[in-house]
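*Asks:* Have a peek at protein28.txt (compact mmCIF, C-alpha atoms and all ligand atoms).
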```
# COMPACT_ATOMS: atom_id res chain seq x y z
CA MET A 1 34.02 13.99 -10.50
CA ALA A 2 34.64 15.85 -7.23
CA ARG A 3 37.76 15.32 -5.18
CA ASP A 4 38.06 16.01 -1.47
CA ASP A 5 41.59 15.26 -0.36
CA ALA A 6 41.24 17.58 2.63
CA ALA A 7 38.79 15.13 4.17
CA GLY A 8 41.57 12.68 4.85
CA ALA A 9 44.88 14.12 5.91
CA GLY A 10 47.06 11.04 5.54
CA ALA A 11 48.55 9.66 2.34
CA GLY A 12 46.06 7.59 0.36
CA LYS A 13 43.06 9.06 2.21
CA GLY A 14 40.33 11.42 0.99
CA SER A 15 37.26 10.77 -1.10
CA LEU A 16 35.98 11.05 -4.61
CA SER A 17 32.36 11.54 -5.65
CA LEU A 18 31.17 10.48 -9.04
CA VAL A 19 27.80 11.62 -10.40
CA VAL A 20 26.54 9.42 -13.22
CA ASP A 21 23.59 9.97 -15.55
CA GLY A 22 21.59 6.83 -14.81
CA ALA A 23 18.30 7.87 -16.44
CA GLY A 24 16.52 4.92 -17.96
CA LEU A 25 18.79 2.30 -16.38
CA SER A 26 17.27 -0.49 -14.35
CA LYS A 27 18.57 -1.15 -10.86
CA GLY A 28 20.50 -4.16 -12.14
CA ALA A 29 22.12 -2.11 -14.91
CA ARG A 30 23.04 0.65 -12.44
CA ASP A 31 24.59 -1.86 -10.04
CA ALA A 32 26.60 -3.41 -12.87
CA LEU A 33 27.79 0.02 -14.08
CA GLU A 34 28.77 1.04 -10.56
CA ALA A 35 30.78 -2.16 -10.12
CA GLU A 36 32.52 -1.54 -13.47
CA LEU A 37 33.36 2.05 -12.51
CA ARG A 38 34.77 1.03 -9.16
CA GLU A 39 36.90 -1.63 -10.82
CA GLY A 40 38.10 0.70 -13.59
CA LEU A 41 38.95 3.54 -11.21
CA GLN A 42 40.92 1.50 -8.70
CA ASP A 43 44.33 2.92 -9.72
CA LEU A 44 43.06 6.48 -9.69
CA LEU A 45 41.45 5.99 -6.28
CA ALA A 46 44.66 4.80 -4.67
CA GLY A 47 43.02 4.05 -1.36
CA ARG A 48 40.51 6.91 -1.40
CA THR A 49 36.82 6.14 -0.96
CA LEU A 50 34.49 6.50 -3.94
CA ALA A 51 30.86 7.62 -3.65
CA VAL A 52 28.78 6.96 -6.76
CA ALA A 53 25.47 8.81 -7.19
CA PHE A 54 23.10 8.26 -10.08
CA MET A 55 21.05 11.14 -11.51
CA GLY A 56 17.63 10.46 -12.92
CA GLU A 57 17.29 7.46 -10.63
CA LYS A 58 13.79 6.05 -10.82
CA VAL A 59 11.89 5.80 -7.53
CA GLN A 60 11.77 2.18 -6.46
CA ARG A 61 8.01 1.96 -6.07
CA ARG A 62 6.30 -1.04 -4.66
CA ILE A 63 2.67 -2.05 -5.05
CA ILE A 64 0.81 -3.74 -2.23
CA ALA A 65 -2.68 -5.04 -2.97
CA ILE A 66 -5.26 -5.11 -0.18
CA GLY A 67 -7.71 -7.85 -0.98
CA SER A 68 -10.55 -9.85 0.48
CA GLY A 69 -12.61 -12.69 -0.86
CA LYS A 70 -15.90 -11.32 0.42
CA GLY A 71 -17.36 -7.82 0.25
CA GLY A 72 -18.01 -5.63 3.26
CA VAL A 73 -15.29 -7.05 5.50
CA GLY A 74 -13.55 -3.68 5.81
CA LYS A 75 -10.88 -3.86 3.10
CA SER A 76 -11.30 -0.18 2.13
CA THR A 77 -11.30 0.92 5.77
CA VAL A 78 -8.11 -1.05 6.36
CA THR A 79 -6.48 0.40 3.21
CA ALA A 80 -7.22 4.02 4.20
CA ASN A 81 -6.05 3.53 7.77
CA LEU A 82 -2.88 1.70 6.77
CA ALA A 83 -2.07 4.53 4.34
CA VAL A 84 -2.44 7.10 7.11
CA ALA A 85 -0.48 4.98 9.58
CA LEU A 86 2.33 4.33 7.08
CA ARG A 87 2.49 8.02 6.32
CA ARG A 88 2.91 8.68 10.03
CA VAL A 89 6.08 6.59 10.05
CA GLY A 90 7.48 8.47 7.09
CA VAL A 91 6.54 6.17 4.22
CA LYS A 92 5.76 8.04 0.99
CA VAL A 93 2.54 6.23 0.32
CA GLY A 94 -0.13 6.64 -2.36
CA VAL A 95 -3.54 4.96 -2.65
CA ILE A 96 -5.20 3.47 -5.72
CA ASP A 97 -8.87 2.71 -5.27
CA ALA A 98 -9.41 -0.03 -7.83
CA ASP A 99 -12.79 -0.99 -6.44
CA ILE A 100 -14.73 -0.15 -9.58
CA TYR A 101 -17.97 -1.52 -8.20
CA GLY A 102 -18.01 0.52 -5.00
CA PRO A 103 -15.18 3.06 -4.79
CA SER A 104 -15.07 4.44 -1.26
CA GLN A 105 -11.60 5.95 -0.86
CA PRO A 106 -12.75 9.48 -1.88
CA ILE A 107 -14.97 9.47 1.25
CA LEU A 108 -12.51 7.66 3.50
CA LEU A 109 -9.61 9.95 2.57
CA LYS A 110 -11.77 13.06 2.11
CA SER A 111 -11.21 13.91 -1.52
CA GLU A 112 -14.74 13.57 -2.87
CA ASP A 113 -14.83 17.09 -4.24
CA ARG A 114 -11.51 16.83 -6.13
CA LYS A 115 -11.03 15.91 -9.74
CA PRO A 116 -7.71 14.63 -10.99
CA GLU A 117 -6.14 16.75 -13.72
CA ALA A 118 -4.45 15.19 -16.70
CA GLU A 119 -1.17 16.12 -18.33
CA GLY A 120 -1.55 14.61 -21.75
CA GLU A 121 -2.66 11.06 -21.07
CA THR A 122 -1.21 11.04 -17.56
CA LEU A 123 -3.44 11.65 -14.56
CA GLN A 124 -2.20 13.69 -11.60
CA PRO A 125 -3.29 12.10 -8.31
CA VAL A 126 -5.42 14.26 -6.03
CA ILE A 127 -4.29 14.89 -2.48
CA GLY A 128 -6.43 13.34 0.22
CA VAL A 129 -6.41 13.70 3.98
CA ALA A 130 -2.98 13.51 5.67
CA ASP A 131 -1.45 14.63 2.35
CA ILE A 132 -1.90 11.24 0.77
CA PRO A 133 -1.81 11.24 -3.04
CA MET A 134 -4.63 9.08 -4.33
CA LEU A 135 -6.75 8.15 -7.30
CA SER A 136 -10.04 6.36 -7.34
CA MET A 137 -12.46 5.09 -9.92
CA GLY A 138 -14.81 7.32 -7.93
CA HIS A 139 -12.84 10.35 -9.15
CA LEU A 140 -13.32 9.34 -12.76
CA VAL A 141 -17.04 8.76 -12.96
CA ALA A 142 -20.12 10.64 -11.82
CA LYS A 143 -21.09 10.01 -8.21
CA GLY A 144 -23.59 7.24 -7.64
CA ARG A 145 -23.19 5.68 -11.09
CA ALA A 146 -23.02 1.93 -10.80
CA LEU A 147 -19.88 0.77 -12.50
CA ALA A 148 -20.89 -2.43 -14.22
CA TRP A 149 -17.65 -2.45 -16.20
CA ARG A 150 -16.28 -5.56 -17.67
CA GLY A 151 -13.01 -6.79 -19.12
CA PRO A 152 -11.26 -4.29 -21.42
CA MET A 153 -13.02 -1.22 -20.04
CA ALA A 154 -12.14 -2.07 -16.46
CA GLY A 155 -8.59 -2.85 -17.59
CA ARG A 156 -8.19 0.52 -19.33
CA ALA A 157 -9.52 2.46 -16.35
CA LEU A 158 -7.24 0.53 -14.04
CA ALA A 159 -4.21 1.27 -16.25
CA GLN A 160 -4.97 5.01 -16.03
CA LEU A 161 -4.78 4.80 -12.25
CA PHE A 162 -1.53 2.82 -12.19
CA GLU A 163 0.16 4.88 -14.90
CA ALA A 164 -0.60 8.21 -13.22
CA ASN A 165 2.16 10.54 -12.11
CA TRP A 166 2.86 9.08 -8.68
CA GLY A 167 5.86 11.35 -8.14
CA ASP A 168 8.05 10.23 -5.26
CA ALA A 169 5.58 7.73 -3.82
CA GLU A 170 7.58 4.66 -2.79
CA LEU A 171 4.58 2.52 -1.94
CA LEU A 172 1.14 2.25 -3.56
CA LEU A 173 -1.64 0.57 -1.62
CA VAL A 174 -4.30 -0.81 -3.95
CA ASP A 175 -7.82 -1.23 -2.63
CA LEU A 176 -9.19 -4.09 -4.72
CA PRO A 177 -12.83 -4.99 -5.32
CA PRO A 178 -13.88 -8.11 -3.40
CA GLY A 179 -13.42 -11.51 -4.98
CA THR A 180 -11.34 -12.65 -7.89
CA GLY A 181 -12.73 -10.85 -10.95
CA ASP A 182 -11.55 -8.80 -13.95
CA VAL A 183 -9.72 -6.14 -11.94
CA GLN A 184 -7.66 -8.68 -10.02
CA ILE A 185 -6.77 -10.60 -13.18
CA THR A 186 -5.80 -7.41 -15.08
CA MET A 187 -3.72 -6.20 -12.18
CA LEU A 188 -1.89 -9.49 -11.82
CA GLN A 189 -1.15 -9.52 -15.56
CA LYS A 190 -0.16 -5.88 -16.06
CA PHE A 191 0.71 -4.35 -12.70
CA LYS A 192 1.80 -7.29 -10.64
CA PRO A 193 1.90 -6.33 -6.97
CA ASP A 194 4.99 -6.87 -4.86
CA GLY A 195 2.86 -8.17 -2.04
CA ALA A 196 -0.70 -8.61 -0.82
CA VAL A 197 -2.54 -8.15 2.46
CA ILE A 198 -5.74 -10.13 2.95
CA VAL A 199 -8.53 -8.75 5.14
CA SER A 200 -11.18 -10.96 6.69
CA THR A 201 -13.64 -11.01 9.55
CA PRO A 202 -13.31 -13.94 11.96
CA GLN A 203 -16.42 -15.53 10.43
CA ASP A 204 -16.08 -18.93 8.73
CA LEU A 205 -17.66 -17.81 5.48
CA ALA A 206 -15.45 -14.76 5.14
CA LEU A 207 -12.44 -16.90 5.97
CA ALA A 208 -13.18 -19.39 3.21
CA ASP A 209 -13.38 -16.48 0.74
CA ALA A 210 -10.21 -14.94 2.13
CA ALA A 211 -8.42 -18.24 1.53
CA ARG A 212 -9.63 -18.19 -2.09
CA ALA A 213 -8.36 -14.62 -2.58
CA GLY A 214 -5.08 -15.75 -1.06
CA SER A 215 -4.75 -18.64 -3.48
CA LEU A 216 -5.21 -16.23 -6.43
CA PHE A 217 -2.14 -14.29 -5.26
CA ASP A 218 -0.32 -17.53 -4.55
CA GLN A 219 -0.88 -18.79 -8.07
CA ALA A 220 0.42 -15.49 -9.45
CA GLU A 221 3.45 -15.80 -7.14
CA VAL A 222 2.61 -12.60 -5.28
CA PRO A 223 3.93 -12.90 -1.70
CA ILE A 224 1.21 -12.56 0.91
CA LEU A 225 2.47 -10.22 3.62
CA GLY A 226 -0.19 -11.46 5.97
CA LEU A 227 -3.79 -11.57 7.15
CA VAL A 228 -5.66 -8.83 9.04
CA GLU A 229 -8.65 -9.68 11.22
CA ASN A 230 -11.21 -6.90 11.08
CA MET A 231 -14.39 -6.45 13.13
CA ALA A 232 -12.99 -8.60 15.89
CA GLY A 233 -14.53 -8.30 19.35
CA TYR A 234 -17.01 -5.60 20.26
CA VAL A 235 -17.10 -3.69 23.51
CA CYS A 236 -20.53 -2.15 24.13
CA PRO A 237 -19.99 1.59 24.64
CA HIS A 238 -22.95 1.66 27.09
CA CYS A 239 -22.55 -1.35 29.35
CA GLY A 240 -18.91 -2.29 28.59
CA GLU A 241 -19.84 -5.90 27.88
CA ALA A 242 -17.51 -7.59 25.38
CA SER A 243 -18.90 -9.83 22.66
CA ASP A 244 -17.72 -11.39 19.41
CA PRO A 245 -20.46 -10.96 16.77
CA PHE A 246 -18.27 -12.49 14.03
CA GLY A 247 -16.55 -15.09 16.18
CA SER A 248 -13.10 -14.75 17.67
CA GLY A 249 -9.52 -15.51 16.68
CA GLY A 250 -10.56 -17.22 13.44
CA VAL A 251 -8.20 -15.26 11.21
CA GLU A 252 -5.18 -15.88 13.40
CA ARG A 253 -5.94 -19.61 13.39
CA ALA A 254 -6.42 -19.56 9.62
CA ALA A 255 -3.10 -17.73 9.19
CA GLY A 256 -1.47 -20.48 11.26
CA ARG A 257 -3.06 -23.20 9.11
CA LEU A 258 -2.05 -21.45 5.88
CA ASP A 259 1.42 -20.75 7.25
CA LEU A 260 1.01 -17.00 6.67
CA PRO A 261 1.87 -14.12 9.00
CA PHE A 262 -0.97 -12.79 11.14
CA LEU A 263 -0.64 -9.01 11.05
CA GLY A 264 -3.14 -8.05 13.71
CA ARG A 265 -6.70 -7.49 14.81
CA ILE A 266 -8.94 -4.43 14.46
CA PRO A 267 -11.94 -4.25 16.82
CA LEU A 268 -15.49 -3.68 15.64
CA SER A 269 -16.03 -0.17 16.89
CA HIS A 270 -18.16 2.92 16.43
CA ALA A 271 -15.03 5.03 16.27
CA VAL A 272 -13.77 3.17 13.20
CA ARG A 273 -17.04 3.59 11.31
CA GLU A 274 -17.65 7.18 12.33
CA SER A 275 -14.15 8.35 11.53
CA SER A 276 -14.39 6.60 8.16
CA ASP A 277 -17.62 8.38 7.33
CA ASP A 278 -16.03 11.69 8.36
CA GLY A 279 -12.99 11.21 6.12
CA ALA A 280 -10.63 11.27 9.09
CA PRO A 281 -9.34 7.68 9.48
CA VAL A 282 -8.97 6.62 13.08
CA ALA A 283 -5.25 5.90 12.49
CA MET A 284 -4.70 9.67 12.46
CA GLY A 285 -5.21 9.62 16.24
CA ASP A 286 -3.88 7.60 19.15
CA SER A 287 -7.04 5.77 20.26
CA PRO A 288 -6.81 1.98 20.83
CA GLU A 289 -8.30 1.46 17.34
CA GLY A 290 -5.79 3.87 15.80
CA SER A 291 -2.95 2.11 17.59
CA ALA A 292 -4.16 -1.26 16.29
CA PHE A 293 -3.87 0.02 12.70
CA ARG A 294 -0.50 1.60 13.43
CA ALA A 295 0.87 -1.68 14.81
CA ILE A 296 -0.15 -3.46 11.59
CA ALA A 297 1.38 -0.68 9.48
CA ALA A 298 4.62 -1.00 11.46
CA GLU A 299 4.74 -4.74 10.70
CA ILE A 300 4.22 -4.05 6.99
CA ALA A 301 6.82 -1.27 6.93
CA GLU A 302 9.28 -3.54 8.68
CA SER A 303 8.70 -6.44 6.33
CA LEU A 304 9.26 -4.09 3.37
CA GLY A 305 12.23 -2.38 5.02
CA ILE A 306 10.76 1.12 4.65
CA GLY A 307 9.76 4.01 6.91
CA ALA A 308 11.06 4.86 10.33
CA ALA A 309 9.12 2.12 12.17
N1 LIG B 401 -13.55 -2.31 12.48
C1 LIG B 401 -14.69 -1.77 12.11
N2 LIG B 401 -15.58 -1.33 13.03
C2 LIG B 401 -16.77 -0.78 12.67
N3 LIG B 401 -17.16 -0.61 11.41
C3 LIG B 401 -16.32 -1.02 10.45
C4 LIG B 401 -15.05 -1.60 10.74
N4 LIG B 401 -14.44 -1.90 9.56
C5 LIG B 401 -15.28 -1.50 8.59
N5 LIG B 401 -16.42 -0.98 9.11
C6 LIG B 401 -17.59 -0.47 8.38
O1 LIG B 401 -18.10 -1.56 7.61
C7 LIG B 401 -18.55 -1.08 6.34
C8 LIG B 401 -17.81 -1.83 5.23
O2 LIG B 401 -16.43 -1.48 5.29
P1 LIG B 401 -15.56 -1.29 3.98
O3 LIG B 401 -16.28 -0.45 2.98
O4 LIG B 401 -14.21 -0.87 4.42
O5 LIG B 401 -15.53 -2.79 3.49
P2 LIG B 401 -15.06 -3.38 2.09
O6 LIG B 401 -14.60 -4.76 2.37
O7 LIG B 401 -14.09 -2.47 1.45
O8 LIG B 401 -16.42 -3.36 1.32
P3 LIG B 401 -16.71 -3.48 -0.24
O9 LIG B 401 -16.91 -4.92 -0.47
O10 LIG B 401 -17.95 -2.68 -0.41
O11 LIG B 401 -15.54 -2.93 -0.97
C9 LIG B 401 -18.30 0.42 6.34
O12 LIG B 401 -19.49 1.06 6.73
C10 LIG B 401 -17.24 0.63 7.40
O13 LIG B 401 -17.27 1.91 8.01
```
Would you encode the structure as structure tokens?
*Replies:*
Amino acid sequence: MARDDAAGAGAGKGSLSLVVDGAGLSKGARDALEAELREGLQDLLAGRTLAVAFMGEKVQRRIIAIGSGKGGVGKSTVTANLAVALRRVGVKVGVIDADIYGPSQPILLKSEDRKPEAEGETLQPVIGVADIPMLSMGHLVAKGRALAWRGPMAGRALAQLFEANWGDAELLLVDLPPGTGDVQITMLQKFKPDGAVIVSTPQDLALADAARAGSLFDQAEVPILGLVENMAGYVCPHCGEASDPFGSGGVERAAGRLDLPFLGRIPLSHAVRESSDDGAPVAMGDSPEGSAFRAIAAEIAESLGIGAA
């Protein structure tokens, strides 16, 4: 225990700092122990303040799943850009690419040529663009091999990704495969997310699927942080004419109907696709598309109470 009477000149002032070995204790157990210590030390404190610090404190890490009902709506693109945007506001974020049927994060976050090392059974995430630690099914299997994995095999591979050494990452974004299959079920059973973000295009069909993906999280009592509308509105780079190939405003209306937050809209744009293919997500820059992702990331950071947003 350290004592700093000089900090407060008057009688009964000053401060005491107590460093406690809290390794292995849950947050609840630490809170209870701290309350007990404060109570027990009241006489000794005699009006001084007490600062309690726990050593070996586990990082409070939260898992946010990014899902969609339908394939190809931009879930992986949104995941990569949100990771970059969250990183820009100081969130220690990691990415798990759980899309075993079409892992694309190694391209999106430029880590295709890296292989995760293992310490014993534990994988070490590779570092992608913008210093984002990440692991993908794509890092574990040979490129181009179709991953027709089912049940236990998919579950084991998924566990390896979740149980990796995520260091000080406080938030893991999980890029899920589309739909409501084995990976989703395993994740909900073993690595239940703290929240989910649903991506959809404004199209009716995609929206119906998005609602189904949402109800899977609902049933598992995973809070849905909100809906993102992707591929909304297209401005022709040649003539400047605006059009809505997938309809307009559908996701926001659906969010209203489902009583869920609408997190924002990402335009259909060449810049988004090209930057994705180049492994330099558009959220790294300050273009209108990048800003759209950053606004959504700020909403998420705010609702989780993290980052400097
Ligand atoms: N806003 C956008 N503007 C232009 N192209 C986009 C946009 N969002 C995604 N794309 C492109 O659409 C394609 C599908 O995107 P992405 O792979 O992110 O979708 P997905 O939902 O993760 O697909 P999958 O079902 O294969 O996992 C990619 O080529 C991507 O670059």
*Asks:* Using all atoms listed in the file, what are the residues with an atom within 6 Å of ligand LIG 401 (chain B), set out as a PyMOL selection string?
*Replies:* chain A and resi 71-77+102+177-178+230-231+266-270+272-273+276
*Asks:* Neighbours of Gly195 of chain A within 9 Å (only C-alpha atoms; same-chain residues fewer than 2 positions away dropped), as a PDB file with C-alpha atoms, in the coordinates of the input?
*Replies:*
```
ATOM      1  CA  ARG A  62       6.300  -1.040  -4.660  1.00  0.00           C
ATOM      2  CA  ILE A  63       2.670  -2.050  -5.050  1.00  0.00           C
ATOM      3  CA  ILE A  64       0.810  -3.740  -2.230  1.00  0.00           C
ATOM      4  CA  ALA A  65      -2.680  -5.040  -2.970  1.00  0.00           C
ATOM      5  CA  ILE A  66      -5.260  -5.110  -0.180  1.00  0.00           C
ATOM      6  CA  LYS A 192       1.800  -7.290 -10.640  1.00  0.00           C
ATOM      7  CA  PRO A 193       1.900  -6.330  -6.970  1.00  0.00           C
ATOM      8  CA  VAL A 197      -2.540  -8.150   2.460  1.00  0.00           C
ATOM      9  CA  PHE A 217      -2.140 -14.290  -5.260  1.00  0.00           C
ATOM     10  CA  VAL A 222       2.610 -12.600  -5.280  1.00  0.00           C
ATOM     11  CA  PRO A 223       3.930 -12.900  -1.700  1.00  0.00           C
ATOM     12  CA  ILE A 224       1.210 -12.560   0.910  1.00  0.00           C
ATOM     13  CA  LEU A 225       2.470 -10.220   3.620  1.00  0.00           C
TER      14      LEU A 225
END
```
*Asks:* Using all atoms listed in the file, find the one residue out of A:Ala208, A:Ala159, A:Met134, A:Leu263 that sits nearest to Leu171 of chain A.
*Replies:* A:Met134
*Asks:* May I have the residues at most 12 Å from (-6.5, 3.5, 6.6) in the file's coordinates, counting only C-alpha atoms, as an mmCIF file with C-alpha atoms, in the coordinates of the input?
*Replies:*
```
data_model
loop_
_atom_site.group_PDB
_atom_site.id
_atom_site.type_symbol
_atom_site.label_atom_id
_atom_site.label_comp_id
_atom_site.auth_asym_id
_atom_site.auth_seq_id
_atom_site.Cartn_x
_atom_site.Cartn_y
_atom_site.Cartn_z
ATOM 1 C CA ILE A 66 -5.260 -5.110 -0.180
ATOM 2 C CA GLY A 74 -13.550 -3.680 5.810
ATOM 3 C CA LYS A 75 -10.880 -3.860 3.100
ATOM 4 C CA SER A 76 -11.300 -0.180 2.130
ATOM 5 C CA THR A 77 -11.300 0.920 5.770
ATOM 6 C CA VAL A 78 -8.110 -1.050 6.360
ATOM 7 C CA THR A 79 -6.480 0.400 3.210
ATOM 8 C CA ALA A 80 -7.220 4.020 4.200
ATOM 9 C CA ASN A 81 -6.050 3.530 7.770
ATOM 10 C CA LEU A 82 -2.880 1.700 6.770
ATOM 11 C CA ALA A 83 -2.070 4.530 4.340
ATOM 12 C CA VAL A 84 -2.440 7.100 7.110
ATOM 13 C CA ALA A 85 -0.480 4.980 9.580
ATOM 14 C CA LEU A 86 2.330 4.330 7.080
ATOM 15 C CA ARG A 87 2.490 8.020 6.320
ATOM 16 C CA ARG A 88 2.910 8.680 10.030
ATOM 17 C CA VAL A 93 2.540 6.230 0.320
ATOM 18 C CA GLY A 94 -0.130 6.640 -2.360
ATOM 19 C CA VAL A 95 -3.540 4.960 -2.650
ATOM 20 C CA SER A 104 -15.070 4.440 -1.260
ATOM 21 C CA GLN A 105 -11.600 5.950 -0.860
ATOM 22 C CA ILE A 107 -14.970 9.470 1.250
ATOM 23 C CA LEU A 108 -12.510 7.660 3.500
ATOM 24 C CA LEU A 109 -9.610 9.950 2.570
ATOM 25 C CA LYS A 110 -11.770 13.060 2.110
ATOM 26 C CA GLY A 128 -6.430 13.340 0.220
ATOM 27 C CA VAL A 129 -6.410 13.700 3.980
ATOM 28 C CA ALA A 130 -2.980 13.510 5.670
ATOM 29 C CA ILE A 132 -1.900 11.240 0.770
ATOM 30 C CA LEU A 173 -1.640 0.570 -1.620
ATOM 31 C CA VAL A 174 -4.300 -0.810 -3.950
ATOM 32 C CA ASP A 175 -7.820 -1.230 -2.630
ATOM 33 C CA ILE A 266 -8.940 -4.430 14.460
ATOM 34 C CA VAL A 272 -13.770 3.170 13.200
ATOM 35 C CA ARG A 273 -17.040 3.590 11.310
ATOM 36 C CA SER A 275 -14.150 8.350 11.530
ATOM 37 C CA SER A 276 -14.390 6.600 8.160
ATOM 38 C CA GLY A 279 -12.990 11.210 6.120
ATOM 39 C CA ALA A 280 -10.630 11.270 9.090
ATOM 40 C CA PRO A 281 -9.340 7.680 9.480
ATOM 41 C CA VAL A 282 -8.970 6.620 13.080
ATOM 42 C CA ALA A 283 -5.250 5.900 12.490
ATOM 43 C CA MET A 284 -4.700 9.670 12.460
ATOM 44 C CA GLY A 285 -5.210 9.620 16.240
ATOM 45 C CA GLU A 289 -8.300 1.460 17.340
ATOM 46 C CA GLY A 290 -5.790 3.870 15.800
ATOM 47 C CA SER A 291 -2.950 2.110 17.590
ATOM 48 C CA ALA A 292 -4.160 -1.260 16.290
ATOM 49 C CA PHE A 293 -3.870 0.020 12.700
ATOM 50 C CA ARG A 294 -0.500 1.600 13.430
ATOM 51 C CA ILE A 296 -0.150 -3.460 11.590
ATOM 52 C CA ALA A 297 1.380 -0.680 9.480
#
```
*Asks:* Would you mind telling me which residue in A:Asn165, A:Ala220, A:Pro152, A:Gly179 lies nearest to Pro125 of chain A when using all atoms listed in the file?
*Replies:* A:Asn165
*Asks:* Separation of atom CA of Gln124 of chain A and atom CA of Ile198 of chain A, in Å?
*Replies:* 28.1 Å
